[in-house]
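As structure tokens, the structure follows; a few thoughts come after it.
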Amino acid sequence: MFFTKTKQGAEKPDITTAEGFEEIYKRYSEKLCAIAISFTKDRGTAESIIHNVFVSIWERRGTLNLKVSFVHYLSRAIKLAVMEHLRNNAIRMEKIACMLHDIRGISECTNETVNYNDLSARVVGLIDRLPCQCKNVYEMSRIEGMSNKEIASVLLISERTVEANLYKAHKFMKENIHEYLPARTG
């Protein structure tokens, strides 16, 4: 027989032989699976946990010295294995959530970069379409950062002409780039 009686009258399984171990598995696996399913809500996961616990017991069969009943030991081992599985699953889900957040951030950053590059290309194209003097005034003002007075002295024109050219450039840019600007509210 694969079970012996202890001095206290409890059954002690013989886990040292394959036959005894198989008998233990047959006797307790369904009950233990029910315990695991109550926590995991998934039969496949529960069966995998049961299998892993029994493999662990088989591997330690020569050194396993139980101070409690074997049934109590099995129940406790299953509960601990389930808790470890749930903890690892929660950690894995948290890592996945972080990765998704990072991917969304990269995607948003990529979209912003693409939009910026499109807008920059559009602005350069519009600047190139400006009349020659208007283009020179706009580039000196906006790209080189020169003041109206400095532009007037370099181009040998009046400050009023610089202002008029900047107004014309701004109006042209605004009319032709409106689809890239955020909608105004109010």
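Note on naming: chains are A, B, ... as they come in the structure tokens, residues start from 1 per chain, ligands start from 1 in the order shown.
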Near Ser29 of chain A, counting only C-alpha atoms, which residues have an atom at most 12 Å away, once you skip same-chain residues fewer than 3 positions from it, shown as a PyMOL selection string?
chain A and resi 21-26+32-37+46-54+71+74-75+78
Residue neighbourhood segment 115-122 of chain A, 8 Å, only C-alpha atoms, exclusion window fewer than 3 positions, as a count of residues only
6
Name the closest residue to Arg160 of chain A among the candidates A:Val123, A:Arg76, A:Val137, A:Met173; distances are taken between atoms, counting only C-alpha atoms.
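When distances to Arg160 of chain A are compared using only C-alpha atoms, the smallest one comes from A:Val137.
Atom CA of Lys171 of chain A lies 23.5 Å from atom CA of Leu156 of chain A.
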Select, from A:Val154, A:Ala169, A:Thr161, A:Ser147, the residue with the minimum atom-to-atom distance to Cys134 of chain A, counting only C-alpha atoms.
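Closest to Cys134 of chain A, using only C-alpha atoms: A:Ala169.
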DSSP strand (DSSP E) residues within chain A, as a ChimeraX atom specification
/A:3-5,11-13
Take the residues that were just selected and, keeping C-alpha atoms, output them as a PDB file, in the first residue's frame.
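Generated file (selection_15.pdb):
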ATOM      1  CA  PHE A   3      -0.139   5.033   2.507  1.00  0.00           C
ATOM      2  CA  THR A   4       1.001   4.099   6.014  1.00  0.00           C
ATOM      3  CA  LYS A   5      -0.532   5.049   9.344  1.00  0.00           C
ATOM      4  CA  GLU A  11      -2.238   8.486   6.696  1.00  0.00           C
ATOM      5  CA  LYS A  12       1.293   9.173   5.542  1.00  0.00           C
ATOM      6  CA  PRO A  13       1.842   8.768   1.790  1.00  0.00           C
TER       7      PRO A  13
END
